[in-house]
Structure formats: structure tokens, C-alpha cells
Amino acid sequence: IIVGVPLWWRTTETYRAWLPVSQINELSNLQLQLSAEVEVVFARGTVTPEQQKKVPLTQIQDEEHTVDEDTALRYRYETKYRTATIMEEDALNQPTAAEADLSLHTLSESPCGSLVVYVIPESSSLLPEDMDVYVGQRRTALLRIGAQMRVGKTLDQLLAHLEPRIKQVLQVMSFSHTDISAALSDRVRLSPGNKESIADSMRTFKSSPGYEITFSLLNPDPKSHRLHWDIEGAVQTYIQPLLTKLASVANFSIDSQTLYYAMLGVNPRFDSSLSAYTLHSDSLAHVINPVEARLGSNAASSNPVLNFLLYVPDAHHSPLYIHDRKKQEVPSNAFHSPRWGGIMVYNVNGFYGPEAVFPVDVNINMAKVMGVFLAQLRLLLGVQSSTAPSGFLVAPCGSNGLADWELDRLMWSRSVENVATATTTITSLAQLLEQIGNIVINDNIAEQVSSAVTSLQLAVAELETGNLRFALQYSKEAILASERAFFDPSLLHLLYFPDDQKFAIYIPLFLPMCVPILLSLLKIVSDARQKRREKQAKKD
Amino acid sequence: MSLTGSTRRFSPLVPQENAGQFFSSGHTNNWAVLVCTSRFWFNYRHVANTLSVYRSVKRLGIPDSHIVLMLADDMACNHRNPKPATVFSHKNMELNVYGDDVEVDYRGYEVTVENFLRVLTGRLPPSTPRSKRLLSDDRSNILIYLTGHGGNGFLKFQDSEEISNVELADAFEQMWQKRRYNELLFIIDTCQGASMYERFYSPNLMALASSQVGEDSLSHQPDLAIGVHLMDRYTFYLLEFLEDIHPSSKANMNDLFKVCPKSQCVSTPGHRTDLFLRDPGSALITDFFGSVRKVEITMETINLTEPIHSFR
């Protein structure tokens, strides 16, 4: 027994490498702090000379939110006030806000995750009458002081007047509580906020290390139309700049294809008043499925796929317009499906007359097409911000299709989403491994888990200090490691042994052995008792 | 080469209209995992069951890339099949459910408990191709259909192993932990099928079974030319019900529960909805069996001008 039992125990034990369980339990209680830096610069005419002397000051504000019993958020806004330099004043003297933005950008570039707000006097002509705030293409905003500040007031009153506007700017350009709580949806199943945010969260693809984008040209009528599209050039010119800018968020791989004889699957109705064919928005939902079967995808990767389809209607059904619910024509002639992609209908009947010889060569205007696809891509990736508050004038996104502050916004929500997902993955993995004693935990899994825990701790720390780029990087590493650990093929629990089955295995082995042992033990005991009785009897 | 002037036309999204249609269910895509757990010629009906559900699901819109089909696939080209390359579901041989475009993802001896659990939990080796994976996310509705020989608390896989209801419940819980489904519909057509969903404990699961514990599920009708029973009763009437469903149908789950009453099925079909958060009457059949996509009109475009070449 002394030798056998330990030997039996060791040989039937499952190998379980050590996991940092205490650290994992700490992580299950997530206290996230997001820090944003704002620099508020007062231009000439906004502060009096006495106030100017007091102005260089820094304020720190904390806002606490408790999301649920395991998750708490704290937003820290560090606001630095100062007056503008001569060069900045020159830059602000430009005729339009866009030019002012450009020249301010050439002076200095704000680091990722921070903002600069220039406060301009009420008399400034940079903004139109009804707008108070101009949000630029990079990380600057122009804020015009309201009328009530015209007469000199104290610095505190000025700051108090500006504070709500600056808060709004921060919510538009950095992060807002709705965005961050939506990003936490993996951890916390929130009750529906408002319809807009639900639609946003359903539409955006979840955070993933890579995405695949496929552009498809659908030509149902090759006999009539010979279509030429310079997809490579168009992708290089219009789409690639956006994707390069998003390189820190995810990897993208792009492919394209042409499908012939691919029909839409719904019959468009002929509208004689427009002498055109129309597709009503209700029938759009049924367009995607018949096409999807033919689209194909890259067999090698498991990344989510974004499909962008360009449909050129056949000659008999041209022109084809999409109508919305109010029977109005849609200017973009395109629609998109959440977490799938977009479809655009491109009419070519205007390129040739009735006497044309078929097939007609058609060169597709890629700028128009890519304008729509780029907008849809922005929506699907979560870049497009919800409608700005009143009085805000938002500059159009820059030449790469993405403003700097939009990138920052995306990085904030992606970091939080990654951290939330990685923490739930790791904690549920730890719970699972604890509950099921029969799973083997190999060394590589333990390594992945430890590295995930380290990356998570680093990511949370970087978010606290406001280093957005590093926070995103660490959060991505944490996700990769945690997913690799959770989905490791060796973690399969096939060893479901209910207790009665365990008995059923051991009893046939041990019972026959135990019977003679037990019987002989009984015999020994009864013999010993007999001997003692005899001794007693002898004594007496 | 650079772009000049990109202006953005701002037309506000019409929030009520677009967001309103998102509320009927919270899913954006559909998946189906259809498993036939038997092999050998005399289990013809199980393959026919699975293939019939496969056809319905495809007809209603779920593409092959979103269907994981696990079959022993030894019926159509079996030596004993008098009509090779066909699998019929009705004795008048009206419908060849095998057809031309059946895409079987796991065939023959690959249909094992291990592979089934790996597909569900996602723990597949990295070399597994995309078509063999269940790449669902937190907004996927999944339909899982199992058929074969079963008993009280277990389902037999290919005459050599079994899956127990505890393992199945644990697999679903792991799927829930990793948010691999939004809602899951589980249909099982075996003897004593109701025992398989007894142990479920994860939220948003709805289950249907063809018979209660202690009852056997019976087959529908034999075909004298082919020589075996062609389909099981429950799936036969389920198929009849599904034939009336088209992609824009508004039939809901309560109608599904009424399929195959005891008079037709001889066994008593059962269902379980206590874990399902929505009311079954508000869940459409096409939420699980079809793939009706939500669409939004693209309101905004980005005005891109042609690039201007700069002089050298």
C-alpha cells in the first residue's frame, strides 16, 4: 500500500502546468483608467493681459463610472492652459478654418491620444455664425468664445464657461462614455442604451488582428457590357492610404475578382414615371444571399471578410436605382449590411447610345465607386462617428480617408475592447481549467496565459498614463496570447468520467483481490481474539 | 501623387428607420451545424434526414461557407444503393436530396465526437481550412441538428463512441463564455432525444427533440425498391413544414413546436425554451433556418477627385 498508492496516484494524474491564478483573479475585477490630455490655447483677444499672467495652469479632472460589480471606469482629463505663441497667432489669422488648421499642423504635431483646442475670440471670422466649434483633420479644434464672455470676467468664470464645450470636444474627438461602454460589451451585457448605439455596435466588425477585404465586380450581362475597372490602381490610390494609417489597429489583405452571369436574385420593378428600374429597400435584404454563395473566400485565414460588390445591371434592366423607404432615390445608389460589406449599383446605360454595337467597352469611374466603398468601409470598421452635437462643424476627413482624431477614437475603443475580451477569455479559461480536473495543461498553454496576463497588465498601465499607441499594442498582444491559449487544440475535455463509471472500472480489478485479503484479515482478527480468550481462560 | 480636396457630403442618417429593423433579433449572420452520427447502409434514413435539413437551410439562404455538414457520406455510392449517386427522402423518389452541390465538410471517419466538440468550441488545429471551422461571433444565430441512434443521456457516434448530454452542455457553455453565439437552436432526432437537452445551462438556448425519455423515435416509411427506411417521422414532418417557409416568411417558433404531434409521430416531441431570453413567439423561423440579412442604405459618400499629377 505504501508503495502502490503513491505510484498509482502519480501515474493516473494529469499533467497540469502552473498558472498564475491569483493574478488572473485580480484581472477579473477590471478597473480601467483612461487618460486624455488636452491643451487649451488662448488666442489674442480671448483673455485680458492680467488674466494672461495667470493662465499657464494645469487642471486634472476625474470622472468615475461603475459599469457593473466587476468593472469600473475612470476617465482622467488633464487640461493644460496656455496662451498662444506668435506663430500660432499668425496661423490663426488665415482666412478659413481649414487653412488655419493646416498651418497650425505645420507648426507642431500633437502626439497620439492628445488634443489641442484653440480658443478664438467671438469676433473671429474663421467659423460661420451658428457654429461654435471647428473640428480639424488632425488633432486640433477651434473653439469660439460665446457672447457672454465679451465683457472682461474673471479667469475662473471664463474657464467655467469653456468647460462644457471642451468636454463635448473631448467626447467627440477622444472617447465618450457610450463608446467605451459599447467597447466593453464582451464583459458586460449592457441593457440596450439607445437604438443608435445598438445599431452602431451591431454594424461594426469586432476587433480582430486582421481583416480581409474583397472587391468584386458583378457583370450579369457580358454580352452587352465589357467592363474595365482599374481596381489595382484604385485600391492603391484611394483605399491603401486609409489602410496604411490603420496599420497599428489591424492588418488588411485585399483581393479582387470579377464574376460573370451573377444575378441579383430579386426582380427590380419598372417605374414608368422615372423610366427606370427600381429596387425597394425591403427587397434589398434578399439580394445578398444568392450572391454570397458565389463569392468565395481565402481558405487560409480565419479573419473576418469585408465584401464590397459593384453591380452593373444588365442592358435590359438599366438604369437601376435603389429607393429608400420613402420611395426616394438614394444618391449613392448603394447599401451595406452590418458585419458583411457593401453593394453599389453602377449604371452604365449613359455611356452608350441606342445604336451602339454590343458588347460595349465601358470604363468604370473608380473615383466615384471608391468614394462609396470608402464611406462604407469607414462605417464597417467603426471609424465613422455618430452625429456631432449642435454647433459643431466637422472637417471632412483628410486625403487618406481618416482624420487623426478619428484614428485616436478608434484606438481608444479598440484598446478597451481588446482588454475587455482578453480579460474575459483568460478568466473563463482559468475557471474552466479549475472546474474540470481532467484537462491536461501543457507548458505552452501556461506560457501563453502568463504572457497574456503580463500584456494585459501593461496595457492597463499604459492606458492609465495615456500612451495610446503602446496601450493598443499591448492589448493586441494580450488578445493574441489569450485566444491562442483558449483555443489550443490540446484543451479538449474528452475525459468525462462520471463517478459511477469510475467505480465500474476499478471494482472488477480490485474486488477479486480484496476478497481474499479481507477474509484473511477477518481470520487474523478472529484468531487473535480466540487466542486472547484462551489466555484469559488459562489465567483463571 | 496626392488627392486634392476631399469634401464630405453630410446627410444625417435617418436613425429611427435604420435602427428599428435591428430590433427583431440581435443577430447579423447565421450558421448551421448539421450532423449525422450513423454510418452503414441500414442507417440510410439518418443521412436522408440530415441532407433534407441541409437543403432547406440552403434554400432559405444560408450559404455553404456558413454550414458545417458532418456526414458519414457512405449512402450515395454504397454498393447496395440501387440508384447510385442519389439519396431519396420520400418513397416515391420525388426528391433527390443528394443532388449536385452538396458540400460535406466532415465525411466518413472524420465524424467523431472529438471533431464535433472541436468544431463547436473552436479548438481546431491551426491547419484546419476555413470550410471546416465554425467562425461564428457574438451576433451569430446557430442551428445545430443532430440525428442518429441515441439513448438516455447519450448519442452514439458511428457505432464506436458516444457523446453524453453533460459534455454537450459543457461545450455550449464554453461557446457562451467565448461569445460564440447570439442564440442557438438545437434540434435532435433520435430515440429518447429529450434527454440530450436536459442538462443545458447556458443562456439563449432553445431545444427541440423528437421524443421524450423512454420513447423511441420511429422511422417514416420504407421504400421497397431501395430496401431501407428513408426518413424518420419527425424530420419528415419538419421538412414538410419547412417547405412552406420562404425567406420572407413570418412564421415563428411556436409553429415549429406544433410540428409532428403524437398522432403523426407516435413519439411525443419535446422542446425546451426556459433558457431562451426572448419569447419564442417573437423568434422567426428564418432567424435560425434562413439568413435574412439586415441592410442599411449608405447615406454618406466621400467625394474623391481624380489625382493630379505634380510637375517634376
# chains A, B, ... in the order shown; residues from 1 in each chain; ligands from 1

call {"tool": "interface_residues", "arguments": {"of": "chain B", "to": "chain A", "cutoff": "6 Å", "atoms": "only C-alpha atoms", "output": "list in words"}}
result
Leu3, Thr7, Arg8, Ala19, Gly61, Pro63, Arg123, Leu124, Pro125, Pro129, Arg130, Arg293, Lys294, Val295, Glu296, Ile297, Thr298, Thr301, Ile302, Asn303 and Leu304 of chain B

call {"tool": "write_last_selection", "arguments": {"atoms": "C-alpha atoms", "output": "short mmCIF file (atom, residue, chain, number, x, y, z; two decimals), in the first residue's frame"}}
result
data_model
loop_
_atom_site.label_atom_id
_atom_site.label_comp_id
_atom_site.auth_asym_id
_atom_site.auth_seq_id
_atom_site.Cartn_x
_atom_site.Cartn_y
_atom_site.Cartn_z
CA LEU B 3 -5.66 63.66 -53.62
CA THR B 7 -15.15 67.01 -49.07
CA ARG B 8 -17.73 65.05 -47.24
CA ALA B 19 -32.15 51.20 -36.21
CA GLY B 61 -30.38 31.39 -47.74
CA PRO B 63 -24.52 29.70 -47.88
CA ARG B 123 -10.31 24.31 -30.66
CA LEU B 124 -9.18 23.15 -34.08
CA PRO B 125 -5.56 22.70 -35.13
CA PRO B 129 -9.26 25.09 -43.54
CA ARG B 130 -11.94 27.71 -43.26
CA ARG B 293 -29.52 39.99 -43.82
CA LYS B 294 -30.12 43.37 -42.32
CA VAL B 295 -29.30 46.18 -44.69
CA GLU B 296 -28.80 49.89 -44.33
CA ILE B 297 -28.82 52.42 -47.09
CA THR B 298 -25.47 54.12 -47.48
CA THR B 301 -20.20 59.15 -49.67
CA ILE B 302 -16.76 60.61 -49.88
CA ASN B 303 -16.18 62.82 -52.86
CA LEU B 304 -12.84 61.78 -54.28
#

call {"tool": "residues_around", "arguments": {"residues": "region 274-291 of chain B", "least_positions_apart": "3", "cutoff": "10 Å", "atoms": "only C-alpha atoms", "output": "ChimeraX atom specification"}}
result
/A:285-286,288-289 /B:24-32,53-54,56-63,66,140-144,183-185,200-207,242,245-257,271,294

call {"tool": "closest_residue", "arguments": {"among": "B:Phe157, B:Tyr181, B:Phe186, B:Tyr98", "to": "Thr50 (chain B)", "atoms": "only C-alpha atoms"}}
result
B:Tyr98

call {"tool": "closest_residue", "arguments": {"among": "B:Gln192, B:Thr268, B:Asn96, B:Asn152", "to": "Ser52 (chain B)", "atoms": "only C-alpha atoms"}}
result
B:Asn96

call {"tool": "closest_residue", "arguments": {"among": "A:Val133, A:Leu279, A:Ser181, A:Ile213", "to": "Ala388 (chain A)", "atoms": "only C-alpha atoms"}}
result
A:Val133
